[in-house]
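Chemist: Supplied structure: start37.cif, mmCIF, C-alpha atoms.
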data_model
#
loop_
_atom_site.group_PDB
_atom_site.id
_atom_site.type_symbol
_atom_site.label_atom_id
_atom_site.label_comp_id
_atom_site.auth_asym_id
_atom_site.auth_seq_id
_atom_site.Cartn_x
_atom_site.Cartn_y
_atom_site.Cartn_z
ATOM 1 C CA MET C 1186 107.774 175.400 49.299
ATOM 2 C CA ALA C 1187 110.801 175.050 51.595
ATOM 3 C CA ASN C 1188 109.630 177.851 53.897
ATOM 4 C CA LYS C 1189 105.935 176.887 53.846
ATOM 5 C CA PHE C 1190 104.068 174.425 56.029
ATOM 6 C CA ILE C 1191 100.645 172.851 56.300
ATOM 7 C CA VAL C 1192 98.039 174.659 58.412
ATOM 8 C CA GLU C 1193 95.541 172.373 60.138
ATOM 9 C CA THR C 1194 92.276 173.160 61.867
ATOM 10 C CA SER C 1195 92.110 171.737 65.371
ATOM 11 C CA ALA C 1196 88.417 171.292 66.160
ATOM 12 C CA ARG C 1197 87.054 171.141 69.723
ATOM 13 C CA HIS C 1198 88.445 168.186 71.632
ATOM 14 C CA VAL C 1199 89.415 166.855 75.035
ATOM 15 C CA HIS C 1200 92.506 165.190 76.457
ATOM 16 C CA LEU C 1201 91.781 162.806 79.331
ATOM 17 C CA THR C 1202 93.670 161.112 82.124
ATOM 18 C CA LYS C 1203 93.436 157.319 82.444
ATOM 19 C CA GLU C 1204 91.223 157.819 85.524
ATOM 20 C CA ALA C 1205 88.867 160.118 83.604
ATOM 21 C CA VAL C 1206 88.602 157.598 80.740
ATOM 22 C CA GLU C 1207 87.528 154.911 83.216
ATOM 23 C CA THR C 1208 85.031 157.210 84.958
ATOM 24 C CA LEU C 1209 83.472 158.338 81.678
ATOM 25 C CA PHE C 1210 83.612 155.067 79.710
ATOM 26 C CA GLY C 1211 83.845 152.291 82.310
ATOM 27 C CA ALA C 1212 86.441 150.468 84.393
ATOM 28 C CA GLY C 1213 89.346 149.144 82.329
ATOM 29 C CA HIS C 1214 88.272 151.062 79.209
ATOM 30 C CA GLU C 1215 91.045 151.875 76.725
ATOM 31 C CA LEU C 1216 90.742 154.648 74.131
ATOM 32 C CA THR C 1217 89.977 153.394 70.620
ATOM 33 C CA ASN C 1218 92.109 154.802 67.800
ATOM 34 C CA LYS C 1219 89.795 156.023 65.039
ATOM 35 C CA LYS C 1220 92.386 157.952 63.023
ATOM 36 C CA ASP C 1221 96.042 158.886 63.419
ATOM 37 C CA LEU C 1222 96.681 162.637 63.526
ATOM 38 C CA SER C 1223 99.576 164.550 61.956
ATOM 39 C CA GLN C 1224 101.563 164.715 65.200
ATOM 40 C CA PRO C 1225 103.366 161.403 65.827
ATOM 41 C CA GLY C 1226 101.629 159.185 68.378
ATOM 42 C CA GLN C 1227 98.488 161.354 68.549
ATOM 43 C CA PHE C 1228 95.119 160.014 67.415
ATOM 44 C CA ALA C 1229 91.436 160.871 67.238
ATOM 45 C CA CYS C 1230 89.346 158.401 69.215
ATOM 46 C CA GLU C 1231 86.043 156.701 68.555
ATOM 47 C CA GLU C 1232 84.970 158.000 71.981
ATOM 48 C CA LYS C 1233 83.194 161.342 72.390
ATOM 49 C CA VAL C 1234 82.140 163.256 75.491
ATOM 50 C CA THR C 1235 79.617 165.973 76.212
ATOM 51 C CA VAL C 1236 81.091 169.221 77.519
ATOM 52 C CA VAL C 1237 78.554 170.915 79.787
ATOM 53 C CA GLY C 1238 78.534 174.559 80.839
ATOM 54 C CA PRO C 1239 75.938 176.779 82.531
ATOM 55 C CA LYS C 1240 74.311 177.790 79.213
ATOM 56 C CA GLY C 1241 74.403 174.524 77.284
ATOM 57 C CA SER C 1242 76.431 171.591 76.075
ATOM 58 C CA LEU C 1243 78.232 170.283 73.030
ATOM 59 C CA LYS C 1244 79.841 167.047 71.880
ATOM 60 C CA ALA C 1245 83.615 166.895 71.661
ATOM 61 C CA SER C 1246 86.038 164.343 70.315
ATOM 62 C CA VAL C 1247 88.515 162.652 72.611
ATOM 63 C CA LEU C 1248 92.155 162.634 71.503
ATOM 64 C CA GLY C 1249 94.614 159.998 72.576
ATOM 65 C CA PRO C 1250 96.753 158.849 74.152
ATOM 66 C CA THR C 1251 95.802 159.642 77.747
ATOM 67 C CA ARG C 1252 97.598 162.534 79.446
ATOM 68 C CA PRO C 1253 98.623 163.465 82.998
ATOM 69 C CA GLU C 1254 95.870 166.141 83.198
ATOM 70 C CA ASN C 1255 92.418 166.626 81.717
ATOM 71 C CA GLN C 1256 92.181 169.454 79.189
ATOM 72 C CA VAL C 1257 89.279 170.738 77.088
ATOM 73 C CA GLU C 1258 90.143 172.781 73.991
ATOM 74 C CA LEU C 1259 87.303 174.892 72.616
ATOM 75 C CA SER C 1260 87.031 177.784 70.203
ATOM 76 C CA LEU C 1261 85.955 181.038 71.814
ATOM 77 C CA THR C 1262 82.597 180.682 70.034
ATOM 78 C CA ASP C 1263 82.129 177.214 71.578
ATOM 79 C CA ALA C 1264 83.005 178.563 75.040
ATOM 80 C CA ARG C 1265 80.591 181.487 74.729
ATOM 81 C CA THR C 1266 77.828 179.202 73.455
ATOM 82 C CA ILE C 1267 77.917 176.965 76.543
ATOM 83 C CA GLY C 1268 78.847 179.748 78.977
ATOM 84 C CA VAL C 1269 82.317 178.667 80.055
ATOM 85 C CA THR C 1270 85.553 180.608 80.399
ATOM 86 C CA ALA C 1271 88.292 179.559 77.970
ATOM 87 C CA PRO C 1272 91.414 181.700 78.291
ATOM 88 C CA VAL C 1273 93.762 181.661 75.298
ATOM 89 C CA ARG C 1274 96.653 179.489 76.452
ATOM 90 C CA GLU C 1275 99.280 177.071 75.255
ATOM 91 C CA SER C 1276 98.306 173.447 75.639
ATOM 92 C CA GLY C 1277 99.124 172.226 79.139
ATOM 93 C CA ASP C 1278 98.794 175.676 80.739
ATOM 94 C CA ILE C 1279 95.542 174.996 82.585
ATOM 95 C CA LYS C 1280 96.139 176.497 86.045
ATOM 96 C CA GLY C 1281 93.258 178.862 86.780
ATOM 97 C CA SER C 1282 91.553 178.139 83.449
ATOM 98 C CA GLY C 1283 87.850 177.485 82.851
ATOM 99 C CA ALA C 1284 85.638 174.864 84.473
ATOM 100 C CA CYS C 1285 83.027 172.504 83.024
ATOM 101 C CA ARG C 1286 81.454 169.082 83.445
ATOM 102 C CA LEU C 1287 82.324 166.191 81.139
ATOM 103 C CA GLU C 1288 79.729 163.487 80.568
ATOM 104 C CA GLY C 1289 80.327 160.073 79.088
ATOM 105 C CA PRO C 1290 78.165 156.962 78.744
ATOM 106 C CA CYS C 1291 79.220 155.601 82.171
ATOM 107 C CA GLY C 1292 79.692 158.682 84.316
ATOM 108 C CA SER C 1293 80.653 162.325 84.585
ATOM 109 C CA ILE C 1294 83.442 164.423 86.060
ATOM 110 C CA GLU C 1295 83.545 168.020 87.235
ATOM 111 C CA LEU C 1296 86.610 169.912 86.065
ATOM 112 C CA THR C 1297 87.437 172.911 88.253
ATOM 113 C CA GLU C 1298 89.978 173.972 85.609
ATOM 114 C CA GLY C 1299 91.193 172.700 82.266
ATOM 115 C CA VAL C 1300 89.118 174.558 79.653
ATOM 116 C CA ILE C 1301 91.233 176.647 77.254
ATOM 117 C CA ALA C 1302 91.188 178.125 73.771
ATOM 118 C CA ALA C 1303 94.481 176.851 72.400
ATOM 119 C CA LYS C 1304 96.941 179.531 71.386
ATOM 120 C CA ARG C 1305 97.749 179.196 67.696
ATOM 121 C CA HIS C 1306 101.067 177.426 67.291
ATOM 122 C CA ILE C 1307 103.483 175.714 64.926
ATOM 123 C CA HIS C 1308 104.907 172.288 65.753
ATOM 124 C CA MET C 1309 108.382 171.690 64.324
ATOM 125 C CA THR C 1310 111.621 169.782 64.789
ATOM 126 C CA LYS C 1311 114.970 171.434 65.581
ATOM 127 C CA ALA C 1312 115.945 171.014 61.918
ATOM 128 C CA ASP C 1313 112.699 172.716 60.812
ATOM 129 C CA ALA C 1314 113.345 175.573 63.261
ATOM 130 C CA ALA C 1315 116.882 176.066 61.926
ATOM 131 C CA ALA C 1316 115.621 176.054 58.331
ATOM 132 C CA LEU C 1317 112.864 178.565 59.178
ATOM 133 C CA GLY C 1318 115.154 180.760 61.292
ATOM 134 C CA VAL C 1319 113.132 180.504 64.515
ATOM 135 C CA VAL C 1320 113.605 179.127 68.033
ATOM 136 C CA ASP C 1321 111.409 177.374 70.576
ATOM 137 C CA LYS C 1322 108.789 179.655 72.196
ATOM 138 C CA GLU C 1323 109.444 182.461 69.688
ATOM 139 C CA ILE C 1324 106.330 184.440 68.756
ATOM 140 C CA VAL C 1325 105.898 184.940 65.006
ATOM 141 C CA GLY C 1326 103.358 185.987 62.406
ATOM 142 C CA VAL C 1327 102.085 183.539 59.805
ATOM 143 C CA LYS C 1328 100.544 184.433 56.454
ATOM 144 C CA LEU C 1329 97.978 181.939 55.192
ATOM 145 C CA GLU C 1330 97.470 181.336 51.498
ATOM 146 C CA THR C 1331 93.683 181.249 51.226
ATOM 147 C CA PRO C 1332 90.960 183.015 49.210
ATOM 148 C CA ARG C 1333 90.654 185.325 52.220
ATOM 149 C CA ALA C 1334 94.377 185.747 52.900
ATOM 150 C CA LEU C 1335 95.170 186.567 56.481
ATOM 151 C CA VAL C 1336 98.242 187.118 58.661
ATOM 152 C CA PHE C 1337 97.933 185.634 62.129
ATOM 153 C CA GLY C 1338 100.035 187.279 64.815
ATOM 154 C CA ASP C 1339 100.975 185.887 68.217
ATOM 155 C CA VAL C 1340 101.798 182.405 66.892
ATOM 156 C CA VAL C 1341 104.028 180.431 69.246
ATOM 157 C CA VAL C 1342 106.786 178.215 67.847
ATOM 158 C CA ARG C 1343 106.955 174.820 69.584
ATOM 159 C CA VAL C 1344 110.125 172.844 68.895
ATOM 160 C CA SER C 1345 110.639 169.166 69.644
ATOM 161 C CA ASP C 1346 112.093 166.358 67.594
ATOM 162 C CA SER C 1347 108.928 164.386 68.404
ATOM 163 C CA TYR C 1348 106.840 166.847 66.320
ATOM 164 C CA ALA C 1349 105.930 166.978 62.638
ATOM 165 C CA LEU C 1350 105.903 170.376 60.908
ATOM 166 C CA ALA C 1351 102.364 171.791 61.037
ATOM 167 C CA MET C 1352 100.544 174.876 62.290
ATOM 168 C CA HIS C 1353 97.357 174.477 64.344
ATOM 169 C CA ILE C 1354 94.507 176.983 64.440
ATOM 170 C CA ASP C 1355 91.008 176.571 65.870
ATOM 171 C CA THR C 1356 87.717 176.543 63.972
ATOM 172 C CA ASP C 1357 87.008 180.253 64.553
ATOM 173 C CA GLU C 1358 90.394 181.151 63.083
ATOM 174 C CA SER C 1359 89.969 178.696 60.226
ATOM 175 C CA ASN C 1360 86.584 180.164 59.321
ATOM 176 C CA ALA C 1361 87.933 183.732 59.466
ATOM 177 C CA ALA C 1362 90.672 182.844 56.985
ATOM 178 C CA CYS C 1363 88.567 180.530 54.753
ATOM 179 C CA ALA C 1364 91.181 177.886 55.563
ATOM 180 C CA PHE C 1365 89.418 174.897 54.058
ATOM 181 C CA GLY C 1366 91.102 171.934 52.418
ATOM 182 C CA GLU C 1367 94.878 171.932 52.007
ATOM 183 C CA VAL C 1368 96.182 175.281 53.269
ATOM 184 C CA TYR C 1369 99.757 176.440 53.695
ATOM 185 C CA GLY C 1370 101.323 179.141 55.814
ATOM 186 C CA GLU C 1371 104.569 181.074 55.784
ATOM 187 C CA ILE C 1372 106.316 182.823 58.673
ATOM 188 C CA VAL C 1373 106.455 186.597 58.398
ATOM 189 C CA LYS C 1374 108.391 188.693 60.876
#
Is it possible to express this structure as structure tokens?

Modeler:
Amino acid sequence: MANKFIVETSARHVHLTKEAVETLFGAGHELTNKKDLSQPGQFACEEKVTVVGPKGSLKASVLGPTRPENQVELSLTDARTIGVTAPVRESGDIKGSGACRLEGPCGSIELTEGVIAAKRHIHMTKADAAALGVVDKEIVGVKLETPRALVFGDVVVRVSDSYALAMHIDTDESNAACAFGEVYGEIVK
């Protein structure tokens, strides 16, 4: 399994600034780690927010730690359901992206941008990249081993020694591939 890696489903979630956490959850509030995620230092929080669009709303998990900018990551189905725009982008690329309102137990904030559908990607270290024969920002295809085998194109390679080897897809993509339970992928060029 040297050239294979785990494929994880990244469900809808939000990344918040420290200021947004305090507006939504109260002055001095700190995010509460519910569960560590596969990427080092990242965690799912006890806190949840409501993402509000013109056609409806939905609950979303908050991921920690806090970040320099607010970002909402939805599947395209989620975005359509609540009537917001969610361009397919890499995480952090929020300029000119969709808008929404976030509601928490202590307040709300209007985001004029920050809503995206995360581009499918593979996190890896430099050593992983060398072993897999890829480089940072390279676009590859990935074949998933599932009962409904599927090759995803337009997968961006993200290299940093602070990452752990894993591919992330959203819930729409996971459902399309029947990617439930422990699923592995392999780069195809």

Chemist: Would you pick out the contacts of Cys1285 of chain C at 6 Å or less, using only C-alpha atoms, so that residues sharing its chain but fewer than 4 positions from it are not included, and give the list as an MDAnalysis selection string?

Modeler: chainID C and resid 1237:1238 1296

Chemist: The PyMOL selection byres ((chain C and resi 1224) around 10) on the file shown: which residues, as a list in words?

Modeler: Asp1221, Leu1222, Ser1223, Pro1225, Gly1226, Gln1227, Phe1228, His1308, Met1309, Ser1347, Tyr1348, Ala1349, Leu1350 and Ala1351 of chain C

Chemist: Determine, counting only C-alpha atoms, which protein, DNA and RNA residues have an atom within 7 Å of an atom of Arg1305 of chain C; residues of the same chain fewer than 2 positions away are not included. Present the result as a ChimeraX atom specification.

Modeler: /C:1303,1340-1341,1353-1354

Chemist: Rounded to one decimal, what separation in Å do you get between atom CA of Leu1248 of chain C and atom CA of Ser1276 of chain C?

Modeler: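 Atom-to-atom, atom CA of Leu1248 of chain C and atom CA of Ser1276 of chain C are spaced 13.1 Å apart.
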
Chemist: Counting only C-alpha atoms, figure out which residue out of C:Val1257, C:Val1236, C:Ile1307, C:Cys1230 gets nearest to His1200 of chain C.

Modeler: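 Result for the nearest residue to His1200 of chain C: C:Val1257.
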
Chemist: If I put a ball of radius 12 Å at (91.1, 176.6, 77.1) in the file's coordinates, which residues poke into it when counting only C-alpha atoms, written as a VMD selection string?

Modeler: chain C and resid 1197 to 1200 1255 to 1265 1269 to 1285 1298 to 1305 1355

Chemist: How would the residues just picked look written out with C-alpha atoms as a short mmCIF file (atom, residue, chain, number, x, y, z; two decimals), in the frame of the given file?

Modeler:
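Produced file part_8.cif, reproduced below:
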data_model
loop_
_atom_site.label_atom_id
_atom_site.label_comp_id
_atom_site.auth_asym_id
_atom_site.auth_seq_id
_atom_site.Cartn_x
_atom_site.Cartn_y
_atom_site.Cartn_z
CA ARG C 1197 87.05 171.14 69.72
CA HIS C 1198 88.44 168.19 71.63
CA VAL C 1199 89.42 166.86 75.04
CA HIS C 1200 92.51 165.19 76.46
CA ASN C 1255 92.42 166.63 81.72
CA GLN C 1256 92.18 169.45 79.19
CA VAL C 1257 89.28 170.74 77.09
CA GLU C 1258 90.14 172.78 73.99
CA LEU C 1259 87.30 174.89 72.62
CA SER C 1260 87.03 177.78 70.20
CA LEU C 1261 85.96 181.04 71.81
CA THR C 1262 82.60 180.68 70.03
CA ASP C 1263 82.13 177.21 71.58
CA ALA C 1264 83.00 178.56 75.04
CA ARG C 1265 80.59 181.49 74.73
CA VAL C 1269 82.32 178.67 80.06
CA THR C 1270 85.55 180.61 80.40
CA ALA C 1271 88.29 179.56 77.97
CA PRO C 1272 91.41 181.70 78.29
CA VAL C 1273 93.76 181.66 75.30
CA ARG C 1274 96.65 179.49 76.45
CA GLU C 1275 99.28 177.07 75.26
CA SER C 1276 98.31 173.45 75.64
CA GLY C 1277 99.12 172.23 79.14
CA ASP C 1278 98.79 175.68 80.74
CA ILE C 1279 95.54 175.00 82.58
CA LYS C 1280 96.14 176.50 86.04
CA GLY C 1281 93.26 178.86 86.78
CA SER C 1282 91.55 178.14 83.45
CA GLY C 1283 87.85 177.48 82.85
CA ALA C 1284 85.64 174.86 84.47
CA CYS C 1285 83.03 172.50 83.02
CA GLU C 1298 89.98 173.97 85.61
CA GLY C 1299 91.19 172.70 82.27
CA VAL C 1300 89.12 174.56 79.65
CA ILE C 1301 91.23 176.65 77.25
CA ALA C 1302 91.19 178.12 73.77
CA ALA C 1303 94.48 176.85 72.40
CA LYS C 1304 96.94 179.53 71.39
CA ARG C 1305 97.75 179.20 67.70
CA ASP C 1355 91.01 176.57 65.87
#

Chemist: Give, as AutoDock Vina command-line options, the centre coordinates and the x, y and z edge lengths in Å to one decimal for an axis-aligned box around all listed atoms of segment 1265-1278 of chain C, padded by 5 Å on each side.

Modeler:
--center_x 88.6 --center_y 177.0 --center_z 77.1 --size_x 31.5 --size_y 19.5 --size_z 17.3

Chemist: Measuring atom to atom with all atoms listed in the file, identify which of C:Ala1361, C:Thr1251, C:Val1320, C:Ala1315 is nearest to Leu1335 of chain C.

Modeler: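 Using all atoms listed in the file, the shortest distance to Leu1335 of chain C belongs to C:Ala1361.
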
Chemist: Mind pulling up the distance from atom CA of Glu1367 of chain C to atom CA of Val1327 of chain C?

Modeler: 15.7 Å

Chemist: So what do you get for atom CA of Asp1339 of chain C versus atom CA of Thr1297 of chain C, distance-wise?

Modeler: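 Computing the Euclidean distance for atom CA of Asp1339 of chain C and atom CA of Thr1297 of chain C yields 27.4 Å.
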
Chemist: Of the candidates C:Cys1291, C:Cys1363, C:Ile1372, C:Leu1216, which shows the shortest atom-to-atom distance to Val1319 of chain C, using all atoms listed in the file?

Modeler: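 Result for the nearest residue to Val1319 of chain C: C:Ile1372.
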
Chemist: Could you list, as a PyMOL selection string, every residue within 9 Å of Asp1321 of chain C, counting all atoms listed in the file and ignoring same-chain residues fewer than 6 positions away?

Modeler: chain C and resi 1309+1311+1314+1341-1345
